[in-house]
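Quick look at entry_17.cif (mmCIF, N, CA and C atoms):
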data_entry
loop_
_atom_site.label_atom_id
_atom_site.label_comp_id
_atom_site.auth_asym_id
_atom_site.auth_seq_id
_atom_site.Cartn_x
_atom_site.Cartn_y
_atom_site.Cartn_z
N MET A 28 11.25 12.02 4.00
CA MET A 28 11.07 10.82 4.79
C MET A 28 12.39 10.05 4.73
N SER A 29 13.13 10.04 5.85
CA SER A 29 14.39 9.31 5.87
C SER A 29 14.38 8.34 7.03
N GLY A 30 15.20 7.33 6.90
CA GLY A 30 15.27 6.33 7.94
C GLY A 30 15.72 5.01 7.38
N VAL A 31 15.46 3.96 8.13
CA VAL A 31 15.88 2.62 7.76
C VAL A 31 14.66 1.71 7.79
N TRP A 32 14.51 0.91 6.73
CA TRP A 32 13.45 -0.09 6.72
C TRP A 32 13.95 -1.32 7.45
N VAL A 33 13.22 -1.78 8.45
CA VAL A 33 13.60 -2.93 9.25
C VAL A 33 12.59 -4.05 9.04
N PHE A 34 13.09 -5.24 8.72
CA PHE A 34 12.23 -6.40 8.54
C PHE A 34 12.44 -7.31 9.74
N ARG A 35 11.39 -7.49 10.55
CA ARG A 35 11.49 -8.32 11.75
C ARG A 35 10.18 -9.07 11.95
N ASN A 36 10.26 -10.39 12.13
CA ASN A 36 9.10 -11.24 12.36
C ASN A 36 8.04 -11.11 11.27
N GLY A 37 8.48 -10.99 10.03
CA GLY A 37 7.55 -10.93 8.91
C GLY A 37 6.89 -9.58 8.70
N VAL A 38 7.35 -8.55 9.41
CA VAL A 38 6.75 -7.22 9.31
C VAL A 38 7.84 -6.22 8.93
N VAL A 39 7.52 -5.34 7.99
CA VAL A 39 8.45 -4.29 7.58
C VAL A 39 8.00 -2.99 8.24
N LYS A 40 8.95 -2.31 8.91
CA LYS A 40 8.65 -1.03 9.54
C LYS A 40 9.71 -0.02 9.15
N LEU A 41 9.31 1.24 9.05
CA LEU A 41 10.24 2.32 8.79
C LEU A 41 10.67 2.90 10.13
N VAL A 42 11.95 2.82 10.43
CA VAL A 42 12.50 3.41 11.65
C VAL A 42 13.10 4.74 11.24
N GLU A 43 12.51 5.82 11.70
CA GLU A 43 12.92 7.16 11.30
C GLU A 43 14.22 7.56 11.97
N ASN A 44 15.23 7.92 11.19
CA ASN A 44 16.48 8.47 11.68
C ASN A 44 16.98 7.81 12.95
N PRO A 45 17.40 6.54 12.90
CA PRO A 45 17.86 5.88 14.11
C PRO A 45 19.10 6.57 14.66
N PRO A 46 19.22 6.70 15.99
CA PRO A 46 20.40 7.33 16.55
C PRO A 46 21.63 6.47 16.31
N ALA A 47 22.82 7.09 16.25
CA ALA A 47 24.05 6.36 15.96
C ALA A 47 24.29 5.27 16.99
N SER A 48 23.93 5.48 18.23
CA SER A 48 24.17 4.48 19.27
C SER A 48 23.32 3.24 19.07
N ALA A 49 22.18 3.34 18.40
CA ALA A 49 21.32 2.19 18.17
C ALA A 49 21.96 1.24 17.17
N ASN A 50 22.77 1.77 16.25
CA ASN A 50 23.40 0.92 15.25
C ASN A 50 24.70 0.32 15.74
N SER A 51 25.36 0.92 16.74
CA SER A 51 26.66 0.44 17.17
C SER A 51 26.58 -0.39 18.43
N GLY A 52 25.40 -0.66 18.93
CA GLY A 52 25.26 -1.31 20.22
C GLY A 52 25.29 -2.81 20.21
N GLY A 53 25.60 -3.47 19.14
CA GLY A 53 25.75 -4.91 19.15
C GLY A 53 24.47 -5.70 19.17
N GLY A 54 23.46 -5.29 18.51
CA GLY A 54 22.38 -6.21 18.24
C GLY A 54 21.04 -5.96 18.86
N GLY A 55 20.87 -5.85 20.15
CA GLY A 55 19.59 -5.97 20.82
C GLY A 55 18.54 -4.97 20.47
N GLY A 56 18.86 -3.82 20.01
CA GLY A 56 17.85 -2.86 19.55
C GLY A 56 17.11 -2.20 20.68
N GLY A 57 17.66 -1.16 21.25
CA GLY A 57 17.00 -0.44 22.33
C GLY A 57 15.75 0.25 21.86
N GLY A 58 15.85 1.32 21.14
CA GLY A 58 14.67 2.03 20.69
C GLY A 58 14.55 3.38 21.33
N GLY A 59 15.42 3.71 22.29
CA GLY A 59 15.39 5.04 22.87
C GLY A 59 15.80 6.04 21.83
N GLY A 60 15.12 7.17 21.77
CA GLY A 60 15.47 8.21 20.82
C GLY A 60 14.77 8.08 19.48
N ILE A 61 14.08 7.00 19.23
CA ILE A 61 13.37 6.85 17.97
C ILE A 61 12.06 7.61 18.08
N ARG A 62 11.81 8.48 17.11
CA ARG A 62 10.61 9.30 17.15
C ARG A 62 9.38 8.50 16.77
N ARG A 63 8.33 8.66 17.55
CA ARG A 63 7.06 8.00 17.24
C ARG A 63 6.27 8.91 16.31
N LYS A 64 5.41 8.29 15.54
CA LYS A 64 4.59 9.02 14.56
C LYS A 64 3.13 8.99 15.00
N ALA A 65 2.41 9.98 14.55
CA ALA A 65 0.97 10.05 14.78
C ALA A 65 0.30 10.58 13.52
N LEU A 66 -0.96 10.22 13.34
CA LEU A 66 -1.74 10.67 12.19
C LEU A 66 -2.57 11.87 12.61
N LEU A 67 -2.35 12.99 11.95
CA LEU A 67 -3.06 14.23 12.27
C LEU A 67 -4.15 14.48 11.23
N HIS A 68 -5.38 14.71 11.70
CA HIS A 68 -6.48 15.10 10.82
C HIS A 68 -6.42 16.62 10.71
N MET A 69 -5.97 17.13 9.57
CA MET A 69 -5.67 18.55 9.43
C MET A 69 -6.88 19.47 9.56
N PRO A 70 -8.06 19.13 9.02
CA PRO A 70 -9.18 20.07 9.16
C PRO A 70 -9.57 20.36 10.61
N THR A 71 -9.43 19.36 11.49
CA THR A 71 -9.81 19.56 12.89
C THR A 71 -8.62 19.74 13.81
N GLY A 72 -7.42 19.41 13.35
CA GLY A 72 -6.24 19.50 14.19
C GLY A 72 -6.15 18.37 15.22
N GLU A 73 -6.97 17.33 15.07
CA GLU A 73 -6.99 16.22 16.01
C GLU A 73 -6.02 15.12 15.59
N VAL A 74 -5.36 14.53 16.59
CA VAL A 74 -4.54 13.35 16.36
C VAL A 74 -5.46 12.14 16.45
N VAL A 75 -5.36 11.24 15.49
CA VAL A 75 -6.18 10.03 15.49
C VAL A 75 -5.68 9.10 16.58
N THR A 76 -6.56 8.75 17.52
CA THR A 76 -6.17 7.92 18.65
C THR A 76 -6.92 6.59 18.70
N SER A 77 -7.85 6.37 17.75
CA SER A 77 -8.59 5.11 17.73
C SER A 77 -9.15 4.89 16.33
N TYR A 78 -9.51 3.64 16.07
CA TYR A 78 -10.12 3.35 14.78
C TYR A 78 -11.51 3.95 14.68
N ALA A 79 -12.21 4.10 15.79
CA ALA A 79 -13.55 4.71 15.74
C ALA A 79 -13.45 6.14 15.22
N SER A 80 -12.49 6.91 15.73
CA SER A 80 -12.35 8.29 15.26
C SER A 80 -11.84 8.32 13.82
N LEU A 81 -10.93 7.41 13.47
CA LEU A 81 -10.44 7.36 12.09
C LEU A 81 -11.57 7.01 11.12
N GLU A 82 -12.41 6.05 11.50
CA GLU A 82 -13.50 5.64 10.62
C GLU A 82 -14.47 6.79 10.38
N ARG A 83 -14.77 7.57 11.41
CA ARG A 83 -15.65 8.75 11.23
C ARG A 83 -15.04 9.75 10.26
N LYS A 84 -13.75 10.00 10.40
CA LYS A 84 -13.08 10.97 9.53
C LYS A 84 -13.00 10.46 8.09
N LEU A 85 -12.73 9.17 7.92
CA LEU A 85 -12.69 8.61 6.58
C LEU A 85 -14.08 8.60 5.94
N ALA A 86 -15.11 8.30 6.73
CA ALA A 86 -16.48 8.30 6.21
C ALA A 86 -16.87 9.69 5.70
N ALA A 87 -16.43 10.72 6.40
CA ALA A 87 -16.72 12.08 5.96
C ALA A 87 -16.05 12.40 4.62
N LEU A 88 -15.00 11.67 4.30
CA LEU A 88 -14.29 11.87 3.03
C LEU A 88 -14.77 10.92 1.93
N GLY A 89 -15.81 10.12 2.22
CA GLY A 89 -16.37 9.22 1.22
C GLY A 89 -15.87 7.79 1.28
N TRP A 90 -15.06 7.44 2.27
CA TRP A 90 -14.57 6.08 2.42
C TRP A 90 -15.61 5.24 3.14
N GLU A 91 -15.75 4.00 2.72
CA GLU A 91 -16.70 3.06 3.34
C GLU A 91 -15.94 1.84 3.83
N ARG A 92 -16.44 1.27 4.90
CA ARG A 92 -15.85 0.03 5.42
C ARG A 92 -16.11 -1.07 4.40
N TYR A 93 -15.09 -1.83 4.09
CA TYR A 93 -15.17 -2.91 3.11
C TYR A 93 -15.20 -4.23 3.85
N TYR A 94 -16.26 -5.00 3.63
CA TYR A 94 -16.40 -6.32 4.23
C TYR A 94 -16.30 -7.34 3.12
N SER A 95 -15.23 -8.14 3.13
CA SER A 95 -15.09 -9.14 2.07
C SER A 95 -16.01 -10.31 2.36
N GLY A 96 -16.67 -10.79 1.34
CA GLY A 96 -17.55 -11.93 1.49
C GLY A 96 -16.79 -13.21 1.24
N GLY A 97 -15.92 -13.56 2.18
CA GLY A 97 -15.01 -14.69 1.98
C GLY A 97 -15.69 -16.03 2.09
N GLY A 98 -15.19 -16.97 1.34
CA GLY A 98 -15.67 -18.33 1.38
C GLY A 98 -14.76 -19.25 2.17
N GLY A 99 -14.01 -18.70 3.14
CA GLY A 99 -13.16 -19.51 3.98
C GLY A 99 -11.76 -19.72 3.43
N GLY A 100 -11.43 -19.10 2.31
CA GLY A 100 -10.11 -19.26 1.73
C GLY A 100 -9.06 -18.45 2.45
N GLY A 101 -7.83 -18.53 1.98
CA GLY A 101 -6.72 -17.82 2.59
C GLY A 101 -6.89 -16.32 2.56
N ALA A 102 -7.38 -15.79 1.46
CA ALA A 102 -7.56 -14.34 1.35
C ALA A 102 -8.64 -13.87 2.31
N ALA A 103 -9.69 -14.65 2.48
CA ALA A 103 -10.76 -14.27 3.41
C ALA A 103 -10.25 -14.29 4.84
N ALA A 104 -9.42 -15.27 5.16
CA ALA A 104 -8.86 -15.34 6.51
C ALA A 104 -7.94 -14.17 6.77
N ALA A 105 -7.14 -13.78 5.78
CA ALA A 105 -6.26 -12.63 5.94
C ALA A 105 -7.06 -11.35 6.07
N ALA A 106 -8.13 -11.21 5.30
CA ALA A 106 -8.98 -10.02 5.36
C ALA A 106 -9.69 -9.92 6.71
N ALA A 107 -9.96 -11.06 7.33
CA ALA A 107 -10.62 -11.04 8.64
C ALA A 107 -9.72 -10.46 9.71
N MET A 108 -8.42 -10.42 9.47
CA MET A 108 -7.47 -9.87 10.43
C MET A 108 -7.20 -8.40 10.17
N MET A 109 -7.93 -7.81 9.22
CA MET A 109 -7.69 -6.43 8.83
C MET A 109 -8.98 -5.64 8.79
N LEU A 110 -8.83 -4.33 8.91
CA LEU A 110 -9.93 -3.41 8.61
C LEU A 110 -9.61 -2.85 7.24
N GLN A 111 -10.61 -2.81 6.38
CA GLN A 111 -10.39 -2.28 5.04
C GLN A 111 -11.45 -1.25 4.70
N PHE A 112 -11.02 -0.22 3.99
CA PHE A 112 -11.90 0.86 3.56
C PHE A 112 -11.71 1.06 2.07
N HIS A 113 -12.81 1.33 1.37
CA HIS A 113 -12.73 1.61 -0.05
C HIS A 113 -13.56 2.83 -0.36
N LYS A 114 -13.28 3.41 -1.52
CA LYS A 114 -14.01 4.59 -1.98
C LYS A 114 -14.64 4.20 -3.31
N ARG A 115 -15.93 4.42 -3.42
CA ARG A 115 -16.64 4.04 -4.66
C ARG A 115 -16.08 4.75 -5.89
N SER A 116 -15.55 5.95 -5.69
CA SER A 116 -15.09 6.74 -6.83
C SER A 116 -13.66 6.40 -7.26
N SER A 117 -13.03 5.41 -6.63
CA SER A 117 -11.66 5.06 -7.02
C SER A 117 -11.43 3.56 -6.81
N VAL A 118 -10.26 3.12 -7.21
CA VAL A 118 -9.89 1.72 -7.01
C VAL A 118 -9.06 1.56 -5.73
N ASP A 119 -8.86 2.63 -4.98
CA ASP A 119 -8.03 2.59 -3.78
C ASP A 119 -8.66 1.76 -2.67
N LEU A 120 -7.80 1.11 -1.92
CA LEU A 120 -8.20 0.33 -0.77
C LEU A 120 -7.22 0.63 0.35
N ILE A 121 -7.73 0.94 1.52
CA ILE A 121 -6.90 1.15 2.69
C ILE A 121 -7.04 -0.09 3.56
N SER A 122 -5.92 -0.76 3.85
CA SER A 122 -5.93 -1.96 4.68
C SER A 122 -5.14 -1.67 5.95
N LEU A 123 -5.78 -1.93 7.09
CA LEU A 123 -5.17 -1.64 8.39
C LEU A 123 -5.26 -2.87 9.27
N PRO A 124 -4.30 -3.06 10.18
CA PRO A 124 -4.40 -4.18 11.12
C PRO A 124 -5.58 -3.96 12.06
N LYS A 125 -6.27 -5.04 12.44
CA LYS A 125 -7.44 -4.89 13.32
C LYS A 125 -7.07 -4.32 14.68
N ASP A 126 -5.87 -4.62 15.16
CA ASP A 126 -5.41 -4.14 16.46
C ASP A 126 -4.78 -2.76 16.28
N PHE A 127 -5.36 -1.74 16.92
CA PHE A 127 -4.87 -0.37 16.74
C PHE A 127 -3.43 -0.22 17.23
N SER A 128 -3.00 -1.06 18.16
CA SER A 128 -1.61 -0.97 18.64
C SER A 128 -0.61 -1.35 17.55
N GLN A 129 -1.08 -2.03 16.50
CA GLN A 129 -0.22 -2.41 15.37
C GLN A 129 -0.28 -1.38 14.24
N PHE A 130 -1.06 -0.32 14.43
CA PHE A 130 -1.21 0.75 13.44
C PHE A 130 0.08 1.57 13.45
N GLY A 131 0.85 1.49 12.36
CA GLY A 131 2.16 2.13 12.33
C GLY A 131 2.29 3.17 11.24
N SER A 132 3.51 3.67 11.09
CA SER A 132 3.75 4.75 10.14
C SER A 132 3.47 4.34 8.70
N VAL A 133 3.69 3.08 8.36
CA VAL A 133 3.40 2.62 6.99
C VAL A 133 1.91 2.79 6.69
N HIS A 134 1.06 2.44 7.65
CA HIS A 134 -0.39 2.58 7.47
C HIS A 134 -0.78 4.05 7.43
N MET A 135 -0.13 4.86 8.27
CA MET A 135 -0.43 6.30 8.29
C MET A 135 -0.10 6.94 6.95
N TYR A 136 1.09 6.62 6.41
CA TYR A 136 1.46 7.20 5.12
C TYR A 136 0.55 6.72 4.00
N ASP A 137 0.04 5.50 4.08
CA ASP A 137 -0.91 5.00 3.09
C ASP A 137 -2.17 5.87 3.11
N ILE A 138 -2.65 6.21 4.30
CA ILE A 138 -3.84 7.07 4.43
C ILE A 138 -3.55 8.46 3.89
N VAL A 139 -2.36 9.00 4.21
CA VAL A 139 -1.99 10.34 3.75
C VAL A 139 -1.93 10.40 2.23
N VAL A 140 -1.32 9.40 1.60
CA VAL A 140 -1.19 9.39 0.14
C VAL A 140 -2.56 9.39 -0.53
N LYS A 141 -3.52 8.72 0.07
CA LYS A 141 -4.85 8.61 -0.53
C LYS A 141 -5.80 9.73 -0.11
N ASN A 142 -5.35 10.57 0.83
CA ASN A 142 -6.17 11.70 1.32
C ASN A 142 -5.24 12.87 1.64
N ARG A 143 -4.56 13.36 0.63
CA ARG A 143 -3.49 14.34 0.83
C ARG A 143 -3.91 15.61 1.56
N ASP A 144 -5.10 16.08 1.34
CA ASP A 144 -5.52 17.34 1.95
C ASP A 144 -6.12 17.17 3.33
N ALA A 145 -6.31 15.94 3.78
CA ALA A 145 -7.02 15.72 5.03
C ALA A 145 -6.14 15.21 6.17
N PHE A 146 -5.04 14.55 5.84
CA PHE A 146 -4.21 13.94 6.88
C PHE A 146 -2.74 14.28 6.67
N ARG A 147 -2.00 14.22 7.77
CA ARG A 147 -0.56 14.40 7.74
C ARG A 147 0.06 13.54 8.85
N VAL A 148 1.25 13.01 8.62
CA VAL A 148 1.96 12.25 9.65
C VAL A 148 2.89 13.22 10.37
N ILE A 149 2.83 13.19 11.70
CA ILE A 149 3.64 14.10 12.51
C ILE A 149 4.48 13.30 13.50
N ASP A 150 5.56 13.92 13.99
CA ASP A 150 6.36 13.34 15.07
C ASP A 150 5.72 13.71 16.40
N VAL A 151 5.71 12.75 17.32
CA VAL A 151 5.18 13.03 18.68
C VAL A 151 6.23 12.71 19.72
#
Show me the file's structure as structure tokens.
Amino acid sequence: MSGVWVFRNGVVKLVENPPASANSGGGGGGGGGIRRKALLHMPTGEVVTSYASLERKLAALGWERYYSGGGGGGAAAAAAMMLQFHKRSSVDLISLPKDFSQFGSVHMYDIVVKNRDAFRVIDV
């Protein structure tokens, strides 16, 4: 896994192998040539394209949707902006943004690390 970690607008993203022209272009950040990532469910060979399909695949692996019983505090408000999954047999928690368009490589690698035999991140 190589690339550059970019911090922009309070979000950290891994930009995989940026092309040389992206670094020498004086600021604006084109994005052409940057490889996009996808989450592959290895047993079925399917690329995850929605949270509904991801939730079904995680449920089959023993993950359950985690609903925090917040009392209106800051942590409860932050949790309301996320989807979270937990496994009863471990202390692991998978936290994902509620908007699937914000689902990025950092979230994909988090899922892969916690489910090594079931998922893989691929270039698309």
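Taking CA of Asp137 in chain A as the reference point, CA of Arg35 in chain A is found at 20.2 Å.
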Item to complete: Run the PyMOL selection byres (((chain A and resi 144 and name CA) around 12) and name CA) on the file and write out the hits as a PyMOL selection string.
Response: chain A and resi 67-71+88+138-143+145-148
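You can rank A:Tyr136, A:Phe127, A:Phe112, A:Trp32 by their closest distance to Tyr93 in chain A using only N, CA and C atoms, and at the top of that list sits A:Phe112.
When atom N of Ser80 in chain A is paired with atom N of Asp119 in chain A, their separation reads 21.5 Å.
Of the listed residues A:Gly89, A:Val133, A:Lys40, A:Tyr94, the one whose atoms come nearest to Arg115 in chain A is A:Gly89, with distances taken using all atoms listed in the file.
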Worksheet entry | the PyMOL selection byres ((chain A and resi 63) around 6.5) resolved against shown file, as a ChimeraX atom specification | /A:61-62,64-65,149-151
Practice prompt. Using all atoms listed in the file, determine which residues lie at most 5 Å from Leu123 in chain A, disregarding the query and same-chain residues fewer than 3 positions distant; provide the list as a VMD selection string.
Written response: chain A and resid 109 to 111
Practice prompt. Tell me, in Å to one decimal, how far atom N of Tyr78 in chain A is from atom C of Val42 in chain A.
Written response: 23.1 Å
Item to complete: Compile the contact shell of Ala86 in chain A as a PyMOL selection string: residues with an atom at most 10 Å away, counting only C-alpha atoms, same-chain residues fewer than 5 positions apart removed.
Response: chain A and resi 80-81+91-92+112-114
